[in-house]
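Asks: Have a look at this one before I ask anything.
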Amino acid sequence: MTDAVRDQYEDLPYPPRDPGDERHRLVTGSPGQIVEIDHYLYAGARDWAEPFRVLVAGGGTGDALIMMAQQLADRGCPADIHYLDLSAASRAIAEERARIRGLANITFHTGSLLEAGGYGAFDYIDCCGVLHHLADPSAGFRALAGALKPDGGIGLMVYGELGRTGVYHAQEMLRMIAGDGPNAERVGVARKLVESLPPTNWLKRNQAIGDYRREDAALFDMLLHSQDRAYRVPELAAELDQAGLHPVAFIEPALYDPDTFVRDPELRRRLASLSWLDRCAFAELLSGNLRKHTVYCVPAAQKADTVAKPTDEAAPVLKNIDGPALAGAIGPDGSIKVSGDGMEMGIRLPPMAPAILRQVDGKRRIGEIRAAVGAGEEDFRRQFAALYNALNGMNQMLLRYPG
């Protein structure tokens with residue numbers, strides 16, 4: 001990273017966090033939740049009693065770091081977690097958050113993610129919101145791939161171009177009128193510009209973007225960053241390919257599936273002939289609101305299918321809500337409402353969904369759930385598949401194969 005980028009994060013660590021909040025809440029997100037890592041990278045069958053080496057590359061103020069360290073500690077996993085970031089100010093916040101939680105499974109490093117290979121090989125690497133700020137992002141992708149074990153995986157996030165429509169127009173305007181000077185002064189100019197945006201301005205119209213309305217660090221990171229690029233799906237796929245990496249899942253999967261939005265049979269027939277990545281690219285163009293791309297990937301040489309598949313021996317796991325609570329949230333029309341990035345959708349669930357969800361506790365296997373529900377095998381399999389496809393599409397139902 002350039003000196004300007006380093007200086008930004010020393011002056012305005014991002015995201016802004018109060019370490020004292022660790023006494024009251026755990027910040028979670030994607031990628032990096034252990035149930036996701038297991039589902040997408042280890043076919044739902046990793047033995048978490050075995051050692052697990054993790055690198056959080058560009059760890060910032062510690063959201064992904066603390067989330068993973070706490071979840072691994074809760075599982076009793078003998079984890080060896082390494083934090084790497086250029087900003088001493090950000091590292092200090094992350095260290096204090098870990099201290100308050102009593103997390104002793106972390107080693108902290110100050111440095112560039114381009115040096116990732118110097119810390120050994122890792123089972124999992126997490127890199128969120130960093131690669132798109134590098135002077136040479138391709139070098140960053142290669143560095144991460146080079147630090148990965150042959151059977152390991154990466155969870156990363158980079159900006160999405162279409163969903164950030166308006167951001168780069170605003171950055172261009174601010175380079176004209178607030179290109180230098182103290183950061184506090186530049187933030188003041190940016191806030192005045194935001195207040196002056198007419199209704200026709202692309203940023204003003206973009207319902208998926210709102211970070212610039214928050215604290216100074218968020219506004220600076222979005223509108224005043226000195227080094228910032230965004231990707232469309234084909235560009236990201238090309239970066240991964242050049243680094244020797246293979247994408248296995250975008251989060252949330254349904255947002256990268258054109259069938260989520262397209263109902264016309266003729267259009268669906270034509271879309272069915274496209275490759276998976278081409279379908280993802282089409283869905284991005286169609287929805288227009290993907291402001292970031294979160295993707296799990298593995299070394300291209302890894303031949304095994306790493307994504308868990310539903311069988312009678314798999315235990316469905318709900319990520320952010322328990323089964324009975326979700327069953328109670330289903331509307332009279334059999335659907336649930338989901339929203340994000342300026343879009344609201346109703347997802348229709350099969351009639352058996354409430355009965356199935358009341359049995360989902362992260363431990364019962366699919367075969368056991370069928371027996372408890374008392375449904376016929378063919379009908380149950382059809383309805384469970386519909387429920388799983390709907391909820392997994394929103395990254396809410398994942399699979400675990402209990403040992």
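Naming scheme: A, B, ... for chains in displayed order of the structure tokens; residues 1 onward per chain; ligands 1 onward as shown.
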Neighbouring residues of stretch 140-150 of chain A were defined as those with any atom within 6 Å, considering only C-alpha atoms; residues of the same chain fewer than 5 positions away were excluded. Please report them as a ChimeraX atom specification.
Replies: /A:114,116-117,121-123,243
Asks: Take the residues that were just selected and, keeping N, CA and C atoms, output them as an mmCIF file, in the first residue's frame.
Replies:
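Listed below is the output, selection-v4.cif:
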```
data_model
loop_
_atom_site.group_PDB
_atom_site.id
_atom_site.type_symbol
_atom_site.label_atom_id
_atom_site.label_comp_id
_atom_site.auth_asym_id
_atom_site.auth_seq_id
_atom_site.Cartn_x
_atom_site.Cartn_y
_atom_site.Cartn_z
ATOM 1 N N LEU A 114 1.468 -8.701 1.367
ATOM 2 C CA LEU A 114 2.368 -9.235 0.343
ATOM 3 C C LEU A 114 3.445 -10.114 0.977
ATOM 4 N N ALA A 116 2.709 -12.378 3.248
ATOM 5 C CA ALA A 116 1.950 -13.450 3.893
ATOM 6 C C ALA A 116 2.698 -14.776 3.889
ATOM 7 N N GLY A 117 3.431 -15.049 2.817
ATOM 8 C CA GLY A 117 4.134 -16.316 2.711
ATOM 9 C C GLY A 117 5.233 -16.504 3.740
ATOM 10 N N ALA A 121 2.398 -21.838 6.102
ATOM 11 C CA ALA A 121 1.224 -22.186 5.292
ATOM 12 C C ALA A 121 -0.007 -22.281 6.187
ATOM 13 N N PHE A 122 -1.144 -21.854 5.642
ATOM 14 C CA PHE A 122 -2.368 -21.733 6.430
ATOM 15 C C PHE A 122 -3.482 -22.617 5.880
ATOM 16 N N ASP A 123 -4.321 -23.113 6.824
ATOM 17 C CA ASP A 123 -5.527 -23.842 6.444
ATOM 18 C C ASP A 123 -6.588 -22.904 5.885
ATOM 19 N N ALA A 243 -4.010 -16.207 -10.145
ATOM 20 C CA ALA A 243 -3.335 -16.523 -8.890
ATOM 21 C C ALA A 243 -3.356 -18.030 -8.588
#
```
Asks: Stretch 153-237 of chain A near stretch 33-49 of chain A within 12 Å: what's each residue's closest atom pair and its distance in Å to one decimal, counting only C-alpha atoms, ordered by chain then ascending residue number, as a Markdown table?
Replies:
```
| residue | atom | partner | partner_atom | distance |
| --- | --- | --- | --- | --- |
| A:Gly153 | CA | A:Leu41 | CA | 6.0 |
| A:Ile154 | CA | A:Leu41 | CA | 8.3 |
| A:Gly155 | CA | A:Ile37 | CA | 8.1 |
| A:Leu156 | CA | A:Ile37 | CA | 11.7 |
```
Asks: In stretch 165-375 of chain A, what's strand (DSSP E) per DSSP? Answer as an MDAnalysis selection string?
Replies: chainID A and resid 245:251 292:299 315:318 335:340 343:348
Asks: So that I can check the surroundings of A:His246, please list as number ranges by chain every protein, DNA and RNA residue that reaches within 8 Å of it, counting only C-alpha atoms and ignoring chain neighbours fewer than 5 positions away.
Replies: A: 240-241, 297-300
Asks: Identify, on the basis of only C-alpha atoms, every residue whose closest approach to stretch 321-325 of chain A does not exceed 10 Å; exclude the query and any residue fewer than 6 positions from it along the same chain; express the result as a PDB file with C-alpha atoms, in the first residue's frame.
Replies:
```pdb
ATOM      1  CA  ALA A 353     -41.076 -25.817   5.981  1.00  0.00           C
ATOM      2  CA  PRO A 354     -42.437 -24.989   9.486  1.00  0.00           C
ATOM      3  CA  ALA A 355     -42.428 -28.638  10.566  1.00  0.00           C
ATOM      4  CA  ILE A 356     -38.907 -29.175   9.226  1.00  0.00           C
ATOM      5  CA  LEU A 357     -37.512 -25.966  10.715  1.00  0.00           C
ATOM      6  CA  ARG A 358     -38.801 -26.837  14.182  1.00  0.00           C
ATOM      7  CA  GLN A 359     -36.530 -29.904  14.054  1.00  0.00           C
ATOM      8  CA  VAL A 360     -33.410 -28.066  12.855  1.00  0.00           C
ATOM      9  CA  ASP A 361     -31.008 -27.633  15.773  1.00  0.00           C
ATOM     10  CA  GLY A 362     -27.623 -28.098  14.087  1.00  0.00           C
ATOM     11  CA  GLN A 396     -28.668 -19.050   6.072  1.00  0.00           C
ATOM     12  CA  MET A 397     -28.882 -22.870   5.958  1.00  0.00           C
TER      13      MET A 397
END
```
Asks: So which residues of stretch 35-185 of chain A fall under helix (DSSP H, G or I) by DSSP, listed as JSON, numbers by chain?
Replies: {"A": [35, 36, 37, 38, 39, 40, 41, 63, 64, 65, 66, 67, 68, 69, 70, 71, 72, 73, 74, 88, 89, 90, 91, 92, 93, 94, 95, 96, 97, 98, 99, 100, 101, 113, 114, 115, 116, 117, 118, 119, 131, 132, 133, 137, 138, 139, 140, 141, 142, 143, 144, 145, 146, 162, 163, 164, 167, 168, 169, 170, 171, 172, 173, 174, 175, 176, 177, 183, 184, 185]}
Asks: Which residue, A:Val167, A:Ala371, A:Val194, A:Cys127, has the smallest gap to A:Pro31 when you use only C-alpha atoms?
Replies: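 Under the stated criterion, the closest residue is A:Cys127.
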Asks: Neighbours of stretch 61-63 of chain A within 6 Å (only C-alpha atoms; same-chain residues fewer than 6 positions away dropped), as a count of residues only?
Replies: 3
Asks: Please provide the set of residues having any atom within 9 Å of A:Pro253, restricted to only C-alpha atoms, with same-chain residues fewer than 4 positions apart removed, written as a list in words.
Replies: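 With the cut-off at 9 Å, the set is Ala249, Asp257, Cys280, Asn392, Gly393, Met394 and Asn395 of chain A.
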Asks: Go through A:Asp341, A:Glu266, A:Glu195, A:Glu235 and flag the residue nearest A:Pro137, using only C-alpha atoms for the distances.
Replies: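 Checking each candidate against A:Pro137, we get A:Glu235 as the closest.
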